[in-house]
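Notes follow the structure.
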There are 2 protein chains.
Amino acid sequence: MGRKRLQEPADGRPTVHTVAARAGVSIASASRVLNGIGGSPETVRKVRAAAAEVGYVPNAIARSLQSQRTGLVALAVEDIGNPVYVEMMRAIEAVVASSGRQLLVHATGGRIDNETALLRRLANRYVDGMIVSPIRVTADHLTALVDSPVPVVVVGQLGADAAVDNVRTDSRHGVALAVDHLVASGRRRIGFVNGPLDTVPGAARDAGFRAALARHDIPLDEDLIEVGDFQYAAGRAATERLLARTDPDALVCANDLIAVGALHALLAAGRRVPQDVAVVGMDDTELARMMFPQLSSVSLGSAERGRRAAELLLQRIADPNLPPRREQVPPSLAVRASSGAALPAPRPGDPPTTHPTSEGVTS
Amino acid sequence: MGRKRLQEPADGRPTVHTVAARAGVSIASASRVLNGIGGSPETVRKVRAAAAEVGYVPNAIARSLQSQRTGLVALAVEDIGNPVYVEMMRAIEAVVASSGRQLLVHATGGRIDNETALLRRLANRYVDGMIVSPIRVTADHLTALVDSPVPVVVVGQLGADAAVDNVRTDSRHGVALAVDHLVASGRRRIGFVNGPLDTVPGAARDAGFRAALARHDIPLDEDLIEVGDFQYAAGRAATERLLARTDPDALVCANDLIAVGALHALLAAGRRVPQDVAVVGMDDTELARMMFPQLSSVSLGSAERGRRAAELLLQRIADPNLPPRREQVPPSLAVRASSGAALPAPRPGDPPTTHPTSEGVTS
DNA sequence: CAGACTCCCGGAAACGTTTACAGCTAAGGG
DNA sequence: CCCTTAGCTGTAAACGTTTCCGGGAGTCTG
């Protein structure tokens with residue numbers, strides 16, 4: 001009974017040893033057959049039979065330890081309830097799936113410790129690579145990104161010198177597109193409902209708004225600026241506060257969720273959209289087309305950014321020694337009923353699911 | 001140079017061997033210090049210093065192989081763009097996080113092969129457990145669920161005899177709630193926009209609708225039933241087809257995305273909601289409260305189902321020998337502006353984010 | 001019929017970690 | 001002063017898989 005190794009672990013699950021012993025072959029042969037490489041017909045038969053009998057299923061962890069890859073890729077975003085991330089995820093998924101890998105998503109809830117923890121945990125070989133879209137970036141965070149054991153691609157703004165693959169857009173310019181459009185249609189008291197200023201996109205959009213007004217020689221009225229979360233409820237509350245103290249003829253919103261909240265606040269306050277107040281959202285998500293009236297929105301190319309990030313990641317996985325790269329996706333504006341010439345209800349035959357990629361001004 | 005093992009793998013990443021060699025101690029001591037158990041002050045100092053110098057980060061895969069756990073839990077849903085799954089995910093996340101684990105989400109896109117592949121891959125030890133919410137269930141699928149190597153909890157209907165932990169609701173009854181409500185408010189030509197009949201929820205809701213009408217002695221008019229996908233665009237298209245051939249005074253929709261599509265189709269066709277046509281959605285997601293008019297919706301307790309599923313999973317991870325259990329969450333109806341007495345716009349002070357758990361009839 | 005070549009097989013190492021075990025030293029108690 | 005005990009350390013096994021390598025058997029070629 002001097003068995004060198006237990007055939008049946010306490011767990012009860014069969015291993016390749018179990019199968020090999022039962023088939024009367026070595027574990028090397030068993031492994032080969034199970035992986036479909038080599039083996040005489042007789043051996044193949046015996047191993048297959050043994051595997052089926054004991055219900056063998058390989059332990060992926062052990063396999064990964066050996067092969068140094070897991071076939072998994074992770075995406076970490078702040079809020080999975082935000083449709084912009086859903087679109088991004090779909091684009092990433094398509095690319096990742098084509099490489100035979102599977103995509104896993106983690107919602108960090110904006111808690112930065114959570115994101116760092118995820119990085120430290122997942123990136124330590126549980127996944128072959130990772131796409132991260134942080135909205136707040138600390139120094140600690142940045143180093144975790146830079147010397148991650150697995151390839152990482154960041155979607156969003158990052159310090160110019162960070163040695164990480166990076167896909168960004170120009171949301172300052174995005175805000176400018178919105179302001180230009182509203183000014184061109186005669187609006188002058190343009191309000192801005194933003195997300196938190198201590199976030200990267202919040203800060204960029206704030207700067208973009210101020211710069212755009214200055215460019216049009218419109219004096220800045222701080223009463224017209226309000227800040228909340230990047231979410232529906234916060235957008236609505238912020239708009240209510242704004243309406244309580246001043247009277248805009250247009251609202252730029254830092255994303256579509258906020259814009260929907262603004263829409264509600266406006267309608268509840270008896271304002272007509274777009275006659276009294278024009279509304280422009282941002283991200284151009286499906287939600288914008290689901291609203292009534294349909295929302296104008298600045299597209300930041302989230303699907304495109306996702307697609308490119310995924311491609312960068314796959315390339316880096318294939319060759320980890322590539323130099324860090326950076327790509328930029330330009331914003332564009334989609335004008336719909338909530339701003340501009342008050343359009344009637346959308347035509348019945350018009351399936352609003354087809355994405356109007358660049359039906360608007362693009363510069 | 002008869003080193004038994006390379007200190008620096010080709011990869012270049014330091015291992016515990018690297019650290020131990022540099023600190024001049026054995027790998028056992030290094031491992032102990034790095035895990036914070038034991039070690040003399042001097043050893044601790046040396047190992048810590050060595051680890052910091054080489055930038056050691058432990059390989060989680062190797063650790064998992066040894067410890068037989070990963071600290072990860074996965075959730076597989078069909079469509080992450082559906083807010084009902086977002087709510088479910090948030091509830092699960094809260095429970096899972098409290099056990100020190102992290103949640104990963106995978107969107108299967110309803111492709112059943114994808115889901116089975118995920119099961120076979122992830123469940124083979126990449127995660128400590130898994131929550132799955134399948135909308136289509138095949139025999140193959142079911143066996144993959146039943147003899148998964150890691151604990152699995154299913155959210156949704158499952159064959160009565162399946163030996164899997166299972167949290168379900170009664171969506172037949174949910175549809176009945178909607179129909180009862182509409183009949184009570186005088187509607188008689190009640191339409192039904194459903195999802196695919198070859199899905200579990202689609203079939204259950206279809207049966208529920210027919211049974212409810214029968215119970216009220218309302219003859220069934222097949223023209224009033226239309227089927228699409230469980231998505232916005234499909235819901236809108238299906239409603240357009242329905243409106244092209246008949247004239248309902250109410251619509252029950254199989255989920256909120258479909259209901260939003262229906263709303264658009266109705267408004268585009270010049271129907272007033274709820275005066276001409278009352279609309280009731282299903283799942284009672286945030287989306288229902290984001291619409292204008294706000295949507296009545298049947299809550300299927302998705303957050304509660306998620307919470308319970310997560311608890312079942314944690315219990316099973318703790319003790320894999322528990323007998324399979326089944327829990328049921330009752331549906332309830334939330335009446336809002338899109339049906340019932342046409343309410344005015346919601347009051348400005350009313351933050352619609354607070355979930356009206358059971359503001360409606362519950363039976 | 002000898003040699004070369006192909007194919008299949010089993011032993012053992014390797015992936016990077018944790019941990020059981022035994023040996024050692026130093027301290028403390030009788 | 002001896003014995004026990006506690007604390008620390010290193011060796012080696014283990015987790016479950018893949019894969020390198022050498023040996024043996026069979027086939028083909030000249």
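Identifiers for the structure tokens are assigned positionally: chains receive A, B, ... in sequence, residues are indexed from 1 per chain, and ligands are indexed from 1 in the order shown.
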| What residues in chain A have any atom no more than 9 Å from chain D when counting only C-alpha atoms (C1' of nucleotides), and can you write them as a list in words? |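 Within 9 Å of chain D on chain A, we get Thr15, Val16, His17, Ala28, Ser31, Arg32, Pro58, Asn59, Ala60, Ile61, Ala62, Arg63, Ser64, Leu65, Gln66 and Ser67 of chain A.
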Preceding selection exported with N, CA and C atoms as an mmCIF file, in the first residue's frame:
```
data_model
loop_
_atom_site.group_PDB
_atom_site.id
_atom_site.type_symbol
_atom_site.label_atom_id
_atom_site.label_comp_id
_atom_site.auth_asym_id
_atom_site.auth_seq_id
_atom_site.Cartn_x
_atom_site.Cartn_y
_atom_site.Cartn_z
ATOM 1 N N THR A 15 -8.986 13.322 -10.210
ATOM 2 C CA THR A 15 -7.934 14.086 -10.877
ATOM 3 C C THR A 15 -7.430 13.254 -12.041
ATOM 4 N N VAL A 16 -6.430 13.770 -12.696
ATOM 5 C CA VAL A 16 -5.884 13.032 -13.814
ATOM 6 C C VAL A 16 -5.251 11.732 -13.315
ATOM 7 N N HIS A 17 -4.815 11.726 -12.065
ATOM 8 C CA HIS A 17 -4.285 10.496 -11.483
ATOM 9 C C HIS A 17 -5.359 9.421 -11.384
ATOM 10 N N ALA A 28 0.900 10.960 -17.746
ATOM 11 C CA ALA A 28 1.309 11.654 -18.962
ATOM 12 C C ALA A 28 0.417 11.243 -20.120
ATOM 13 N N SER A 31 -3.078 12.636 -19.664
ATOM 14 C CA SER A 31 -3.137 14.059 -19.994
ATOM 15 C C SER A 31 -3.129 14.272 -21.502
ATOM 16 N N ARG A 32 -2.269 13.523 -22.175
ATOM 17 C CA ARG A 32 -2.190 13.687 -23.620
ATOM 18 C C ARG A 32 -3.527 13.358 -24.274
ATOM 19 N N PRO A 58 -11.170 18.678 -15.657
ATOM 20 C CA PRO A 58 -9.841 19.183 -15.290
ATOM 21 C C PRO A 58 -9.913 20.415 -14.393
ATOM 22 N N ASN A 59 -8.943 20.542 -13.555
ATOM 23 C CA ASN A 59 -8.845 21.685 -12.666
ATOM 24 C C ASN A 59 -8.141 22.820 -13.403
ATOM 25 N N ALA A 60 -8.955 23.843 -13.694
ATOM 26 C CA ALA A 60 -8.436 24.935 -14.515
ATOM 27 C C ALA A 60 -7.324 25.695 -13.810
ATOM 28 N N ILE A 61 -7.386 25.764 -12.507
ATOM 29 C CA ILE A 61 -6.349 26.487 -11.770
ATOM 30 C C ILE A 61 -4.998 25.811 -11.974
ATOM 31 N N ALA A 62 -4.986 24.508 -11.829
ATOM 32 C CA ALA A 62 -3.735 23.778 -11.998
ATOM 33 C C ALA A 62 -3.226 23.925 -13.426
ATOM 34 N N ARG A 63 -4.143 23.859 -14.345
ATOM 35 C CA ARG A 63 -3.747 24.005 -15.746
ATOM 36 C C ARG A 63 -3.118 25.387 -15.964
ATOM 37 N N SER A 64 -3.742 26.407 -15.359
ATOM 38 C CA SER A 64 -3.231 27.763 -15.551
ATOM 39 C C SER A 64 -1.868 27.941 -14.918
ATOM 40 N N LEU A 65 -1.674 27.319 -13.807
ATOM 41 C CA LEU A 65 -0.372 27.445 -13.143
ATOM 42 C C LEU A 65 0.722 26.948 -14.075
ATOM 43 N N GLN A 66 0.387 25.912 -14.779
ATOM 44 C CA GLN A 66 1.355 25.333 -15.699
ATOM 45 C C GLN A 66 1.495 26.157 -16.965
ATOM 46 N N SER A 67 0.353 26.555 -17.534
ATOM 47 C CA SER A 67 0.391 27.185 -18.857
ATOM 48 C C SER A 67 0.574 28.689 -18.766
#
```
| request: For chain C, list the residues within 9 Å of chain A, counting only C-alpha atoms (C1' of nucleotides), and write the list as an MDAnalysis selection string. | output: chainID C and resid 7:11 14:16
Output C-alpha atoms (C1' of nucleotides) for every residue in that selection, as a tab-separated table (two decimals), in the first residue's frame.
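Result file follows (out09.tsv):
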```tsv
chain	number	residue	atom	x	y	z
C	7	DC	C1'	5.13	6.48	-32.81
C	8	DC	C1'	3.78	5.65	-28.20
C	9	DC	C1'	4.66	5.35	-23.46
C	10	DG	C1'	6.14	6.34	-18.55
C	11	DG	C1'	9.12	8.78	-15.26
C	14	DA	C1'	8.14	22.08	-13.56
C	15	DC	C1'	4.59	25.95	-12.64
C	16	DG	C1'	4.65	29.00	-7.45
```
| message | Restricting the calculation to only C-alpha atoms: of A:Val86, A:Ala91, A:Ile112, A:Ala20, which residue gets closest to chain B? | response |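 Checking each of A:Val86, A:Ala91, A:Ile112, A:Ala20 against chain B, counting only C-alpha atoms, the winner is A:Val86.
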| request: Return as a count of residues only the full set of residues in segment 181-295 of chain B whose backbone-based DSSP assignment is strand (DSSP E or B). | output: 17
Set the distance at 7 Å and use only C-alpha atoms (C1' of nucleotides): which residues neighbour segment 69-78 of chain A once local chain neighbours fewer than 6 positions away are removed? I'd like the list as an mmCIF file with N, CA and C atoms, in the first residue's frame.
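Saved the output as around-v5.cif:
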```cif
data_model
loop_
_atom_site.group_PDB
_atom_site.id
_atom_site.type_symbol
_atom_site.label_atom_id
_atom_site.label_comp_id
_atom_site.auth_asym_id
_atom_site.auth_seq_id
_atom_site.Cartn_x
_atom_site.Cartn_y
_atom_site.Cartn_z
ATOM 1 N N ARG A 101 -11.198 34.174 -25.706
ATOM 2 C CA ARG A 101 -11.195 34.413 -24.266
ATOM 3 C C ARG A 101 -12.572 34.816 -23.782
ATOM 4 N N GLN A 102 -12.724 34.830 -22.488
ATOM 5 C CA GLN A 102 -13.994 35.254 -21.917
ATOM 6 C C GLN A 102 -13.815 36.517 -21.101
ATOM 7 N N LEU A 103 -14.853 37.348 -21.120
ATOM 8 C CA LEU A 103 -14.758 38.635 -20.428
ATOM 9 C C LEU A 103 -15.511 38.587 -19.111
ATOM 10 N N LEU A 104 -14.867 39.090 -18.072
ATOM 11 C CA LEU A 104 -15.516 39.221 -16.784
ATOM 12 C C LEU A 104 -15.540 40.686 -16.407
ATOM 13 N N VAL A 105 -16.631 41.098 -15.787
ATOM 14 C CA VAL A 105 -16.796 42.507 -15.463
ATOM 15 C C VAL A 105 -16.863 42.672 -13.957
ATOM 16 N N HIS A 106 -16.264 43.724 -13.478
ATOM 17 C CA HIS A 106 -16.376 44.015 -12.053
ATOM 18 C C HIS A 106 -16.770 45.473 -11.878
ATOM 19 N N ALA A 107 -17.784 45.713 -11.058
ATOM 20 C CA ALA A 107 -18.205 47.085 -10.771
ATOM 21 C C ALA A 107 -17.551 47.527 -9.477
ATOM 22 N N THR A 108 -16.784 48.614 -9.575
ATOM 23 C CA THR A 108 -16.037 49.049 -8.399
ATOM 24 C C THR A 108 -16.856 49.974 -7.514
ATOM 25 N N GLY A 109 -17.966 50.493 -8.053
ATOM 26 C CA GLY A 109 -18.767 51.412 -7.258
ATOM 27 C C GLY A 109 -18.042 52.704 -6.950
ATOM 28 N N GLY A 110 -17.007 53.002 -7.717
ATOM 29 C CA GLY A 110 -16.288 54.251 -7.514
ATOM 30 C C GLY A 110 -15.411 54.246 -6.279
ATOM 31 N N TYR A 126 -4.942 35.895 -12.128
ATOM 32 C CA TYR A 126 -6.248 35.278 -12.330
ATOM 33 C C TYR A 126 -6.759 35.545 -13.730
ATOM 34 N N VAL A 127 -6.323 36.631 -14.323
ATOM 35 C CA VAL A 127 -6.749 36.978 -15.676
ATOM 36 C C VAL A 127 -5.518 37.244 -16.527
ATOM 37 N N ASP A 128 -5.720 37.118 -17.845
ATOM 38 C CA ASP A 128 -4.592 37.333 -18.744
ATOM 39 C C ASP A 128 -4.363 38.815 -19.013
ATOM 40 N N GLY A 129 -5.354 39.609 -18.687
ATOM 41 C CA GLY A 129 -5.231 41.035 -18.932
ATOM 42 C C GLY A 129 -6.442 41.742 -18.378
ATOM 43 N N MET A 130 -6.384 43.062 -18.397
ATOM 44 C CA MET A 130 -7.421 43.805 -17.706
ATOM 45 C C MET A 130 -7.614 45.163 -18.374
ATOM 46 N N ILE A 131 -8.869 45.554 -18.493
ATOM 47 C CA ILE A 131 -9.185 46.899 -18.970
ATOM 48 C C ILE A 131 -9.824 47.647 -17.820
ATOM 49 N N VAL A 132 -9.306 48.795 -17.502
ATOM 50 C CA VAL A 132 -9.791 49.548 -16.349
ATOM 51 C C VAL A 132 -10.231 50.923 -16.808
ATOM 52 N N SER A 133 -11.374 51.353 -16.286
ATOM 53 C CA SER A 133 -11.831 52.703 -16.596
ATOM 54 C C SER A 133 -12.072 53.453 -15.300
ATOM 55 N N PRO A 134 -11.012 53.970 -14.707
ATOM 56 C CA PRO A 134 -11.144 54.608 -13.404
ATOM 57 C C PRO A 134 -11.670 56.033 -13.551
#
```
| field | Residues of segment 112-146 of chain A in helix (DSSP H, G or I), written as JSON, numbers by chain | value | {"A": [112, 113, 114, 115, 116, 117, 118, 119, 120, 121, 122, 139, 140, 141, 142, 143, 144, 145, 146]}
| task | Write out as a list of chain:residue names which residues come within 12 Å of Leu267 of chain B when counting only C-alpha atoms (C1' of nucleotides), dropping same-chain ones fewer than 5 positions away. | result |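 My reading of the contact set: A:Met291, A:Phe292, A:Pro293, A:Pro344, A:Ala345, A:Pro346, A:Arg347, A:Pro348, B:Arg236, B:Thr239, B:Glu240, B:Leu243, B:Val260, B:Gly261, B:Ala262, B:Arg272, B:Val273, B:Pro274, B:Gln275, B:Asp276, B:Val277, B:Ala278, B:Val279, B:Phe292, B:Pro293, B:Ser338.
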| Could you name the residues that touch Ala244 of chain B at 12 Å or less, counting only C-alpha atoms (C1' of nucleotides), but leaving out those on the same chain fewer than 6 positions away, as JSON, numbers by chain? | {"A": [348, 349], "B": [223, 224, 226, 237, 238, 265, 266, 269]}
Can I get the selection written as a PDB file, in the first residue's frame, with C-alpha atoms?
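Output file selection09.pdb follows:
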```
ATOM      1  CA  PRO A 348     -43.078  54.991 -36.237  1.00  0.00           C
ATOM      2  CA  GLY A 349     -40.975  53.199 -38.834  1.00  0.00           C
TER       3      GLY A 349
ATOM      4  CA  ASP B 223     -54.294  39.836 -32.218  1.00  0.00           C
ATOM      5  CA  LEU B 224     -53.603  41.415 -28.870  1.00  0.00           C
ATOM      6  CA  GLU B 226     -47.205  40.061 -29.754  1.00  0.00           C
ATOM      7  CA  ALA B 237     -41.245  47.074 -32.986  1.00  0.00           C
ATOM      8  CA  ALA B 238     -43.592  44.485 -31.530  1.00  0.00           C
ATOM      9  CA  ALA B 265     -44.576  53.245 -30.065  1.00  0.00           C
ATOM     10  CA  LEU B 266     -47.792  54.409 -28.434  1.00  0.00           C
ATOM     11  CA  ALA B 269     -48.792  56.592 -32.884  1.00  0.00           C
TER      12      ALA B 269
END
```
| task | Could you check which of B:Asn35, B:Ser98, B:Thr18, B:Gln231 is closest to DT18 of chain C, using only C-alpha atoms (C1' of nucleotides)? | result |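 For DT18 of chain C, the nearest of the given residues is B:Asn35.
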| request: Point out the residue among A:Leu213, A:Ala207, A:Ile80, A:Val164 with the least atom-to-atom distance to chain B, counting only C-alpha atoms. | output: A:Ile80
